[in-house]
Each structure stands twice: as C-alpha cells, then as structure tokens.
There are 2 protein chains.
Amino acid sequence: MYEGPVQDLIDELGRLPGVGPKSAQRIAFHLLATEPADIERLQQALQKVKEGVVFCDVCGNVSAETRCRICRDPKRDLALVCVVEEPKDVQAIERTREFKGRYHVLGGALDPLSGVGPDQLRIRQLLNRIGTATDGVDISEVIIATDPNTEGEATATYLVRMLRDFPGLSVTRLASGLPMGGDLEFADELTLGRALSGRRSM
Amino acid sequence: MYEGPVQDLIDELGRLPGVGPKSAQRIAFHLLATEPADIERLQQALQKVKEGVVFCDVCGNVSAETRCRICRDPKRDLALVCVVEEPKDVQAIERTREFKGRYHVLGGALDPLSGVGPDQLRIRQLLNRIGTATDGVDISEVIIATDPNTEGEATATYLVRMLRDFPGLSVTRLASGLPMGGDLEFADELTLGRALSGRRSM
C-alpha cells in the first residue's frame with residue numbers, strides 16, 4: 001500500500017505475533033519519527049538475539065552465561081526443583097517470591113499433534129538431574145508447574161509416570177482452584193469443580 | 001527480569017507504541033525461535049527506514065522517489081486536492097476508490113498545547129501549490145479531510161480562513177454523520193447532532 005521502505009517495515013512488523021496490520025503501521029510511523037540512535041538500539045538487540053542466546057546448562061532457562069543467575073545462587077534450595085514449560089513461567093513464579101528452589105525448563109509441553117513428543121522436551125535432562133546429586137544434595141521434591149491446559153496436564157501425567165521410579169522423591173503439582181480476587185459465580189465449571197475436589201480443611 | 005540479550009530485546013520492543021511488557025516478551029521469545037534470515041529481514045527494513053524515507057515533493061506523502069506514485073499518475077484529476085493529516089489517511093481514502101484527485105499531507109493537525117502551529121505543518125506548501133498552476137491546470141476544489149476531532153476541526157477552520165482569499169476556489173469538508181452499518185441508538189449525541197444538521201433531501 002505504501003511505497004518503498006515504509007511498506008517493507010510494515011510487512012516485517014506485521015509478521016510478529018500479536019502485531020496486526022494497524023499496529024504494524026502505527027509502529028512503522030512511530031519509528032519514522034524516531035531518533036536514529038533509538039532504532040539502532042533495537043537493531044543491536046535483534047542482532048544479539050540473532051547471534052544466539054545462551055541457555056543454562058542446568059535448568060535450560062535463558063541465561064547470560066552457561067549457568068543462569070538462579071542456578072548460581074548459593075541461597076537456593078538444591079533439593080527442590082520446579083518443572084515449567086517456558087522461561088516466562090520461571091519469571092511468573094519468581095514474581096511470587098514464594099519459591100526458593102531451582103527450576104527445570106522443559107521448552108514446551110507434550111503435543112503429539114504438533115509433533116512435540118518427550119524427545120523434543122528437556123525430559124531426559126530432568127531425569128539425569130534427579131539421578132545425580134548436586135554438591136552432595138539429592139533432589140527430594142519435584143513440583144510440576146506445567147500449564148493447567150490439555151497439553152500441560154498431559155505433560156504432568158507423563159512426568160509423574162517417569163518420576164515414580166525414583167525412591168524417596170516426592171512429586172507434587174501446583175494447586176488448581178479459584179483465582180484470587182475472582183468472583184465465584186463467574187468461575188467456569190471445570191475450575192469450580194477442581195476447587196471443590198481440592199478443598200482444604202481450615 | 002531475564003538475563004542478557006533477551007531482556008535488552010524485550011526492553012527495546014516495549015518502547016514501541018502499543019506494545020506492552022507482555023507483548024514485548026511474546027515477540028522476543030518468538031524471535032528467539034525464528035530463523036536468523038527472518039530477523040535479518042526485519043533488521044534491514046529498520047536500516048532502510050533509519051537511513052531516511054523520501055517524501056513526495058508535491059504532496060508530502062511517504063514515497064519511494066521525489067514524486068509519489070499518486071502525484072506521478074497522469075489519470076489523476078489535477079484540479080482536485082484532498083488535504084489530510086497523515087500518510088495513513090491517504091491510504092484510508094485510497095481504499096474507498098472514490099477519490100480521483102491528488103492529496104496534500106499536512107504532517108499533523110494544529111495543536112498549540114503540544115507546540116504544533118501552522119509553521120510546523122505543510123500549510124505554506126499547500127498555499128503555494130494552490131497559487132501555481134500545474135501543467136496548466138488550476139486547483140479548483142480543496143477537500144479538507146482532517147480528523148473529526150478537536151485538533152482536526154481547528155485545522156479545518158484555520159485552512160478555510162486561509163483559502164478564502166483564492167478567487168474561484170471551492171473549499172469543502174468531509175461530511176459528518178452516522179457511520180454506515182452502525183445502530184442509531186448507539187450513536188453519540190455529537191455524531192447524531194451532526195447527522196441531523198447535515199441531513200440531505202432524497
């Protein structure tokens with residue numbers, strides 16, 4: 001629709017997830033009026049990500065070094081591992097400030113229809129990690145924190161089956177139930193059913 | 001929150017208009033999993049826009065050459081000029097396929113509180129353009145198509161005052177009224193009032 005480089009930029013921006021044609025146009029015209037130095041910073045950030053991002057050898061999270069900040073932290077409980085699908089799930093749990101253990105990032109969830117089987121996820125690395133003591137400390141609890149959807153639940157079930165064979169290892173799953181601050185009457189049946197079956201004495 | 005280049009990219013993406021922290025994170029992780037060639041195309045598009053975009057000498061629209069496609073088109077009516085605020089308004093009017101004249105892009109609307117006065121817009125160029133015949137054809141009608149908001153209306157009023165002095169020039173404004181496909185009961189008072197006062201015999 002536009003001529004020359006502006007349309008090229010709109011096309012490229014429109015390929016990004018969550019950026020529709022209108023947003024792409026808005027961003028392109030914003031960049032047109034932006035200082036060259038600001039565009040350069042975005043270009044450099046893209047360049048660094050293109051050259052490759054380092055992932056932590058231990059947990060698989062995105063990292064600046066071969067061991068991420070969390071796996072390097074001596075105050076973290078080595079006996080506790082929380083298994084999540086993606087790096088952004090690590091950030092979500094870190095924001096709660098409730099978890100003092102370490103993580104294991106699977107890199108997704110089981111989804112056979114999209115060709116994601118156990119070999120496409122970092123499940124073998126999780127089993128190796130549980131089988132080997134770190135600094136003399138054995139992993140005593142694995143918290144499965146995959147998403148509460150079909151793929152996440154299937155992954156959790158699969159992991160439970162794989163982890164059954166480790167003696168003395170306790171395997172737990174994040175609680176399902178009503179979200180805090182919500183309204184009971186607006187909860188969907190599945191969530192309310194889970195909240196009922198998972199009720200706790202008080 | 002994240003370490004290294006991923007966080008830098010999220011920060012830079014988060015500076016773009018309409019991209020919040022969650023979208024920036026989503027786009028960054030999408031780019032992390034993208035082929036380097038695709039990132040390169042985005043980088044090159046940014047590079048070209050950074051190096052400078054050409055604007056049409058005649059109408060001020062973004063262009064690939066010193067004269068844009070519309071101003072070069074011999075089938076366009078030279079006597080008719082539609083005045084708009086931004087290049088995206090040109091695209092909006094082009095999509096209607098109803099207008100066969102040429103455009104004049106002001107580069108914004110009068111907004112004294114943000115420091116945009118007549119000298120910051122391409123108003124002088126518009127007056128020069130109307131005062132000079134192109135290929136022997138005088139401009140006979142100027143359609144003012146600034147946005148129907150406070151700044152756009154103020155700009156329209158200002159332009160009408162400036163254009164009064166040209167003998168034989170007809171100055172028109174886009175009609176205000178009910179949007180097509182809308183519901184009368186949901187129209188705001190201002191729009192419905194305009195639709196009433198602008199009623200046409202049929």
# chains A, B, ... in the order shown; residues from 1 in each chain; ligands from 1
>>> interface_residues(of="chain B", to="chain A", cutoff="9 Å", atoms="only C-alpha atoms", output="MDAnalysis selection string")
chainID B and resid 1:13 16:19 23 25:32 34:54 62:65 68:69 87:88 91
>>> select_by_dssp(residues="stretch 125-179 of chain A", states="alpha helix (DSSP H)", output="list in words")
Gln125, Leu126, Leu127, Asn128, Arg129, Ile130, Gly131, Thr150, Glu151, Gly152, Glu153, Ala154, Thr155, Ala156, Thr157, Tyr158, Leu159, Val160, Arg161, Met162 and Leu163 of chain A
>>> residues_around(residues="A:Val83", least_positions_apart="3", cutoff="6 Å", atoms="only C-alpha atoms", output="JSON, numbers by chain")
{"A": [103, 104, 144, 145]}
>>> write_last_selection(atoms="N, CA and C atoms", output="mmCIF file, in the first residue's frame")
data_model
loop_
_atom_site.group_PDB
_atom_site.id
_atom_site.type_symbol
_atom_site.label_atom_id
_atom_site.label_comp_id
_atom_site.auth_asym_id
_atom_site.auth_seq_id
_atom_site.Cartn_x
_atom_site.Cartn_y
_atom_site.Cartn_z
ATOM 1 N N TYR A 103 14.839 -24.368 39.126
ATOM 2 C CA TYR A 103 13.863 -24.660 38.074
ATOM 3 C C TYR A 103 14.378 -25.703 37.110
ATOM 4 N N HIS A 104 13.446 -26.227 36.310
ATOM 5 C CA HIS A 104 13.818 -27.010 35.141
ATOM 6 C C HIS A 104 12.859 -26.618 34.021
ATOM 7 N N ILE A 144 5.603 -30.001 39.769
ATOM 8 C CA ILE A 144 5.268 -29.893 38.340
ATOM 9 C C ILE A 144 4.360 -28.684 38.148
ATOM 10 N N ALA A 145 4.879 -27.695 37.437
ATOM 11 C CA ALA A 145 4.163 -26.435 37.254
ATOM 12 C C ALA A 145 3.903 -26.173 35.773
#
>>> atom_distance(atom1="atom CA of B:Pro179", atom2="atom CA of B:Val142")
23.2 Å
>>> residues_around(residues="A:Val105", least_positions_apart="2", cutoff="6 Å", atoms="only C-alpha atoms", output="JSON list (two decimals) with N, CA, C and O atoms, in the first residue's frame")
[["chain", "number", "residue", "atom", "x", "y", "z"],
["A", 59, "CYS", "N", 19.39, -25.79, 34.07],
["A", 59, "CYS", "CA", 17.92, -25.74, 34.08],
["A", 59, "CYS", "C", 17.31, -25.46, 32.71],
["A", 59, "CYS", "O", 16.11, -25.63, 32.53],
["A", 60, "GLY", "N", 18.11, -24.99, 31.74],
["A", 60, "GLY", "CA", 17.56, -24.74, 30.41],
["A", 60, "GLY", "C", 16.91, -23.38, 30.25],
["A", 60, "GLY", "O", 16.33, -23.08, 29.21],
["A", 61, "ASN", "N", 16.98, -22.52, 31.28],
["A", 61, "ASN", "CA", 16.43, -21.18, 31.20],
["A", 61, "ASN", "C", 17.33, -20.30, 30.32],
["A", 61, "ASN", "O", 18.51, -20.60, 30.15],
["A", 84, "VAL", "N", 8.84, -26.29, 34.72],
["A", 84, "VAL", "CA", 7.94, -25.40, 33.99],
["A", 84, "VAL", "C", 8.12, -25.63, 32.49],
["A", 84, "VAL", "O", 9.09, -26.25, 32.06],
["A", 85, "GLU", "N", 7.17, -25.08, 31.71],
["A", 85, "GLU", "CA", 7.25, -25.25, 30.26],
["A", 85, "GLU", "C", 8.25, -24.28, 29.62],
["A", 85, "GLU", "O", 9.07, -24.67, 28.81],
["A", 86, "GLU", "N", 8.16, -22.98, 29.99],
["A", 86, "GLU", "CA", 8.89, -21.94, 29.26],
["A", 86, "GLU", "C", 9.64, -21.01, 30.23],
["A", 86, "GLU", "O", 9.25, -20.89, 31.38],
["A", 107, "GLY", "N", 10.92, -26.48, 27.84],
["A", 107, "GLY", "CA", 10.95, -25.97, 26.47],
["A", 107, "GLY", "C", 9.65, -26.24, 25.73],
["A", 107, "GLY", "O", 9.63, -26.24, 24.50]]
>>> residues_around(residues="A:Pro148", least_positions_apart="3", cutoff="8 Å", atoms="only C-alpha atoms", output="list in words")
Gly152, Glu153 and Ser176 of chain A
>>> residues_around(residues="A:Ala175", least_positions_apart="5", cutoff="9 Å", atoms="only C-alpha atoms", output="ChimeraX atom specification")
/A:194-195,198
>>> atom_distance(atom1="atom CA of B:Gly115", atom2="atom CA of B:Thr155")
13.8 Å
>>> atom_distance(atom1="atom CA of B:Phe99", atom2="atom CA of B:Gly177")
19.2 Å
>>> residues_around(residues="A:Ile139", least_positions_apart="5", cutoff="9 Å", atoms="only C-alpha atoms", output="number ranges by chain")
A: 78-81, 129-134, 169
>>> write_last_selection(atoms="N, CA, C and O atoms", output="compact mmCIF listing (two decimals), in the first residue's frame")
# COMPACT_ATOMS: atom_id res chain seq x y z
N LEU A 78 18.80 -26.66 46.90
CA LEU A 78 19.17 -27.59 45.82
C LEU A 78 18.25 -28.81 45.77
O LEU A 78 18.21 -29.52 44.76
N ALA A 79 17.52 -29.08 46.88
CA ALA A 79 16.71 -30.29 46.95
C ALA A 79 15.34 -30.14 46.28
O ALA A 79 14.60 -31.10 46.13
N LEU A 80 15.01 -28.89 45.86
CA LEU A 80 13.68 -28.58 45.36
C LEU A 80 13.77 -28.12 43.91
O LEU A 80 14.51 -27.18 43.60
N VAL A 81 13.04 -28.78 43.01
CA VAL A 81 13.06 -28.39 41.60
C VAL A 81 11.64 -28.18 41.10
O VAL A 81 10.77 -29.03 41.32
N ARG A 129 19.23 -35.18 35.97
CA ARG A 129 19.46 -34.24 37.06
C ARG A 129 18.98 -34.83 38.38
O ARG A 129 19.63 -34.64 39.42
N ILE A 130 17.83 -35.50 38.34
CA ILE A 130 17.29 -36.08 39.58
C ILE A 130 18.16 -37.27 40.02
O ILE A 130 18.38 -37.49 41.21
N GLY A 131 18.71 -38.00 39.02
CA GLY A 131 19.52 -39.17 39.34
C GLY A 131 20.90 -38.83 39.90
O GLY A 131 21.58 -39.68 40.47
N THR A 132 21.36 -37.59 39.74
CA THR A 132 22.71 -37.20 40.15
C THR A 132 22.64 -36.16 41.27
O THR A 132 21.94 -35.16 41.13
N ALA A 133 23.36 -36.39 42.36
CA ALA A 133 23.37 -35.42 43.46
C ALA A 133 24.18 -34.19 43.05
O ALA A 133 25.20 -34.30 42.36
N THR A 134 23.72 -32.96 43.41
CA THR A 134 24.45 -31.73 43.15
C THR A 134 25.06 -31.26 44.46
O THR A 134 24.32 -31.07 45.44
N LEU A 169 11.56 -39.77 46.22
CA LEU A 169 11.30 -38.49 45.56
C LEU A 169 9.81 -38.16 45.68
O LEU A 169 8.96 -38.98 45.35
>>> closest_residue(among="A:Met180, A:Val137, A:Val160, A:Ile70", to="A:Gly101", atoms="only C-alpha atoms")
A:Ile70
